[in-house]
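Peer 1: Structure incoming, see below.
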Amino acid sequence: MAGSMTRLPKSFRLDRPVHAVFGSIYEVRTEEPIVHLTYDDGPHPEVTPAVLDVLDEFGIEATFFMLTRQAERHPDLVGEVCRRGHAIALHTRTHRPLPELGWRQLIDEVITARKDLEAIAGVPVRWFRPPYGADGWRGVPITRVGKMTSVAWTADTHDWKGLTGEDPLRNARKNLRPGAIVLMHDVPATGSRQEDESRGLVTKEALTRLLVDEIERRGLQPVSLDRLLRAGPPVKRVRLR
Ligand SMILES: [Zn+2]
């Protein structure tokens with residue numbers, strides 16, 4: 001039985017050749033003890049600066065998947081994220097789910113939104129993350145036409161739900177491994193930082209500290225996305241909805 005299994009062509013594996021061309025990168029296949037931290041949906045005037053301070057403290061280079069609409073409201077923060085050595089990436093203009101959009105809307109949410117974000121950031125934007133991780137069948141070619149690489153995540157903290165205590169670690173732990181991409185959000189869970197605090201929710205800077213502690217406890221090290229992608233082949237998948 002084991003013998004017949006090993007004779008299966010590799011193309012049956014979902015993350016092998018066919019998917020090496022299309023879809024979003026979920027993780028990097030590597031033995032190197034490295035991971036990458038990402039933040040979505042910002043920039044946010046109260047949360048992003050607090051997260052940046054913690055990242056500085058640990059000397060970590062993260063990726064910020066920004067909404068162009070947010071970037072237009074807070075252009076100074078885009079510059080600050082960039083100046084502190086992090087990658088500016090696109091998360092669409094307004095966070096609409098790609099599978100629900102027609103071509104014209106997709107062009108605005110991805111291609112034009114990217115140009116507008118680059119104009120604010122003053123640097124090229126190379127990475128893209130579809131909202132909810134859903135590529136959609138039209139989203140895949142749109143991302144390629146836009147010459148961006150789509151990046152999903154391996155370990156989800158579920159921080160958007162509004163978490164308390166060590167919840168974020170419980171969620172992220174099982175997929176925290178070499179080559180993992182970690183998902184967080186640099187916006188308040190409730191929409192307001194004050195509201196988050198009054199409900200006793202874990203702040204995003206506290207979440208970052210919790211995760212960095214856990215990452216180090218496991219002998220892993222956060223590195224830049226470029227560095228992670230050099231460590232091995234990317235595992236890609238397409239999510240149509
Ligand atoms: Zn998002």
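In the structure tokens, chains take letters A, B, ... by order of appearance, with residues numbered from 1 within each chain and ligands from 1 in the order shown.
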Give the alpha helix (DSSP H) residues of range 141-215 of chain A, as DSSP finds them on the backbone, and put them as number ranges by chain.

Peer 2: A: 141-145, 167-173, 193-198, 204-215

Peer 1: Mind listing the residues within 8 Å of ligand 1, only C-alpha atoms and all ligand atoms counted, as a PyMOL selection string?

Peer 2: chain A and resi 40-41+91+95+130-132+185

Peer 1: Just write the chosen residues, all heavy atoms, as a PDB file, in the first residue's frame.

Peer 2:
```
ATOM      1  N   ASP A  40      -3.163  43.646   8.747  1.00  0.00           N
ATOM      2  CA  ASP A  40      -4.137  44.016   7.716  1.00  0.00           C
ATOM      3  C   ASP A  40      -5.041  45.171   8.158  1.00  0.00           C
ATOM      4  O   ASP A  40      -5.217  45.415   9.356  1.00  0.00           O
ATOM      5  CB  ASP A  40      -5.067  42.821   7.416  1.00  0.00           C
ATOM      6  CG  ASP A  40      -4.367  41.726   6.626  1.00  0.00           C
ATOM      7  OD1 ASP A  40      -3.136  41.767   6.495  1.00  0.00           O
ATOM      8  OD2 ASP A  40      -5.081  40.812   6.165  1.00  0.00           O
ATOM      9  N   ASP A  41      -5.669  45.793   7.156  1.00  0.00           N
ATOM     10  CA  ASP A  41      -6.810  46.725   7.306  1.00  0.00           C
ATOM     11  C   ASP A  41      -6.458  48.143   7.744  1.00  0.00           C
ATOM     12  O   ASP A  41      -7.339  48.990   7.828  1.00  0.00           O
ATOM     13  CB  ASP A  41      -7.893  46.186   8.270  1.00  0.00           C
ATOM     14  CG  ASP A  41      -8.532  44.891   7.783  1.00  0.00           C
ATOM     15  OD1 ASP A  41      -8.119  44.392   6.720  1.00  0.00           O
ATOM     16  OD2 ASP A  41      -9.436  44.385   8.465  1.00  0.00           O
ATOM     17  N   HIS A  91      -4.294  45.762   0.250  1.00  0.00           N
ATOM     18  CA  HIS A  91      -5.372  44.878   0.727  1.00  0.00           C
ATOM     19  C   HIS A  91      -6.694  45.335   0.093  1.00  0.00           C
ATOM     20  O   HIS A  91      -7.743  45.196   0.701  1.00  0.00           O
ATOM     21  CB  HIS A  91      -5.425  44.967   2.251  1.00  0.00           C
ATOM     22  CG  HIS A  91      -6.249  43.918   2.923  1.00  0.00           C
ATOM     23  ND1 HIS A  91      -6.265  42.599   2.530  1.00  0.00           N
ATOM     24  CD2 HIS A  91      -7.094  43.999   3.998  1.00  0.00           C
ATOM     25  CE1 HIS A  91      -7.087  41.924   3.330  1.00  0.00           C
ATOM     26  NE2 HIS A  91      -7.609  42.741   4.211  1.00  0.00           N
ATOM     27  N   HIS A  95     -11.890  46.911   0.891  1.00  0.00           N
ATOM     28  CA  HIS A  95     -12.149  45.637   1.578  1.00  0.00           C
ATOM     29  C   HIS A  95     -13.422  44.934   1.115  1.00  0.00           C
ATOM     30  O   HIS A  95     -14.074  44.218   1.876  1.00  0.00           O
ATOM     31  CB  HIS A  95     -12.197  45.834   3.102  1.00  0.00           C
ATOM     32  CG  HIS A  95     -11.699  44.634   3.867  1.00  0.00           C
ATOM     33  ND1 HIS A  95     -12.499  43.572   4.187  1.00  0.00           N
ATOM     34  CD2 HIS A  95     -10.481  44.323   4.356  1.00  0.00           C
ATOM     35  CE1 HIS A  95     -11.806  42.678   4.861  1.00  0.00           C
ATOM     36  NE2 HIS A  95     -10.567  43.100   4.968  1.00  0.00           N
ATOM     37  N   PRO A 130      -5.899  39.421  -0.781  1.00  0.00           N
ATOM     38  CA  PRO A 130      -7.333  39.598  -1.005  1.00  0.00           C
ATOM     39  C   PRO A 130      -8.099  39.587   0.318  1.00  0.00           C
ATOM     40  O   PRO A 130      -7.763  38.810   1.219  1.00  0.00           O
ATOM     41  CB  PRO A 130      -7.721  38.377  -1.862  1.00  0.00           C
ATOM     42  CG  PRO A 130      -6.646  37.377  -1.647  1.00  0.00           C
ATOM     43  CD  PRO A 130      -5.411  38.113  -1.233  1.00  0.00           C
ATOM     44  N   PRO A 131      -9.118  40.462   0.467  1.00  0.00           N
ATOM     45  CA  PRO A 131      -9.936  40.451   1.686  1.00  0.00           C
ATOM     46  C   PRO A 131     -10.501  39.054   1.946  1.00  0.00           C
ATOM     47  O   PRO A 131     -10.910  38.369   1.007  1.00  0.00           O
ATOM     48  CB  PRO A 131     -11.060  41.442   1.370  1.00  0.00           C
ATOM     49  CG  PRO A 131     -10.464  42.373   0.368  1.00  0.00           C
ATOM     50  CD  PRO A 131      -9.533  41.524  -0.456  1.00  0.00           C
ATOM     51  N   TYR A 132     -10.502  38.638   3.189  1.00  0.00           N
ATOM     52  CA  TYR A 132     -11.008  37.320   3.631  1.00  0.00           C
ATOM     53  C   TYR A 132     -10.211  36.158   3.012  1.00  0.00           C
ATOM     54  O   TYR A 132     -10.637  35.011   3.063  1.00  0.00           O
ATOM     55  CB  TYR A 132     -12.504  37.168   3.307  1.00  0.00           C
ATOM     56  CG  TYR A 132     -13.295  38.398   3.659  1.00  0.00           C
ATOM     57  CD1 TYR A 132     -13.687  39.296   2.671  1.00  0.00           C
ATOM     58  CD2 TYR A 132     -13.585  38.691   4.988  1.00  0.00           C
ATOM     59  CE1 TYR A 132     -14.372  40.463   2.995  1.00  0.00           C
ATOM     60  CE2 TYR A 132     -14.269  39.852   5.322  1.00  0.00           C
ATOM     61  CZ  TYR A 132     -14.666  40.736   4.318  1.00  0.00           C
ATOM     62  OH  TYR A 132     -15.334  41.889   4.645  1.00  0.00           O
ATOM     63  N   HIS A 185      -4.195  42.319  12.723  1.00  0.00           N
ATOM     64  CA  HIS A 185      -4.829  43.520  12.164  1.00  0.00           C
ATOM     65  C   HIS A 185      -4.406  44.737  12.974  1.00  0.00           C
ATOM     66  O   HIS A 185      -4.522  44.703  14.208  1.00  0.00           O
ATOM     67  CB  HIS A 185      -6.354  43.373  12.203  1.00  0.00           C
ATOM     68  CG  HIS A 185      -6.867  42.274  11.322  1.00  0.00           C
ATOM     69  ND1 HIS A 185      -6.839  40.958  11.698  1.00  0.00           N
ATOM     70  CD2 HIS A 185      -7.387  42.312  10.070  1.00  0.00           C
ATOM     71  CE1 HIS A 185      -7.330  40.214  10.717  1.00  0.00           C
ATOM     72  NE2 HIS A 185      -7.675  41.009   9.716  1.00  0.00           N
TER      73      HIS A 185
END
```

Peer 1: Near range 157-166 of chain A, counting only C-alpha atoms, which residues have an atom at most 6 Å away, once you skip same-chain residues fewer than 3 positions from it, shown as a list in words?

Peer 2: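 Selected residues are Leu169, Asn171, Ala172, Ala189, Leu201 and Val202 of chain A.
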
Peer 1: Rank A:Leu211, A:Ala180, A:Ala87, A:Ala113 by their smallest atom-to-atom distance to Thr154 in chain A, using only C-alpha atoms, and report the top residue only.

Peer 2: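 Looking at the shortest contact to Thr154 in chain A, the residue is A:Ala180.
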
Peer 1: Closest to Ile107 in chain A among A:Pro188, A:Arg93, A:Leu240, A:Gly79, using only C-alpha atoms?

Peer 2: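 Counting only C-alpha atoms, the residue closest to Ile107 in chain A is A:Arg93.
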
Peer 1: Run DSSP on the backbone and give me the residues of range 33-190 of chain A it puts in strand (DSSP E), as a list in words.

Peer 2: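 Strand (DSSP E) assignments inside range 33-190 of chain A correspond to Ile34, Val35, His36, Leu37, Thr38, Tyr39, Asp40, Thr63, Phe64, Phe65, Met66, Ala87, Ile88, Ala89, Leu90, Trp127, Phe128, Thr149, Ser150, Ala155, Asp156, Ile181, Val182, Leu183, Met184 and His185 of chain A.
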
Peer 1: Can you build me a table of range 79-130 of chain A residues sitting at most 12 Å from range 57-61 of chain A, with the closest atom pair per residue and its distance in Å to one decimal, using only C-alpha atoms, sorted by chain and residue number, as JSON lines?

Peer 2:
```
{"residue": "A:Val81", "atom": "CA", "partner": "A:Glu61", "partner_atom": "CA", "distance": 10.1}
{"residue": "A:Cys82", "atom": "CA", "partner": "A:Glu61", "partner_atom": "CA", "distance": 10.3}
{"residue": "A:Arg83", "atom": "CA", "partner": "A:Glu61", "partner_atom": "CA", "distance": 11.3}
{"residue": "A:Arg84", "atom": "CA", "partner": "A:Glu61", "partner_atom": "CA", "distance": 8.4}
{"residue": "A:Gly85", "atom": "CA", "partner": "A:Glu61", "partner_atom": "CA", "distance": 6.3}
{"residue": "A:His86", "atom": "CA", "partner": "A:Glu61", "partner_atom": "CA", "distance": 5.2}
{"residue": "A:Ala87", "atom": "CA", "partner": "A:Glu61", "partner_atom": "CA", "distance": 7.6}
{"residue": "A:Ile88", "atom": "CA", "partner": "A:Glu61", "partner_atom": "CA", "distance": 11.0}
```

Peer 1: Go ahead and save the picked residues with C-alpha atoms, as a tab-separated table (two decimals), in the first residue's frame.

Peer 2:
```tsv
chain	number	residue	atom	x	y	z
A	81	VAL	CA	5.47	52.49	8.31
A	82	CYS	CA	7.77	52.73	5.31
A	83	ARG	CA	10.42	54.83	7.11
A	84	ARG	CA	10.62	52.24	9.90
A	85	GLY	CA	11.59	49.56	7.39
A	86	HIS	CA	8.35	47.63	6.88
A	87	ALA	CA	6.82	46.57	3.57
A	88	ILE	CA	3.76	48.47	2.31
```

Peer 1: What's the separation between CA of Phe128 in chain A and CA of Leu67 in chain A, in Å to one decimal place?

Peer 2: 10.5 Å

Peer 1: Using only C-alpha atoms, which of the listed residues (A:Leu229, A:Val125, A:Ile142, A:Ala71) sits closest to Ala89 in chain A?

Peer 2: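 Result for the nearest residue to Ala89 in chain A: A:Val125.
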
Peer 1: Counting only C-alpha atoms, figure out which residue out of A:Leu176, A:Ala50, A:Ile111, A:Ile181 gets nearest to Pro141 in chain A.

Peer 2: A:Ile111

Peer 1: When distances are computed from only C-alpha atoms, which of A:Asp156, A:Gly179, A:Thr63, A:Ser150 shows the smallest separation from Pro233 in chain A?

Peer 2: A:Gly179
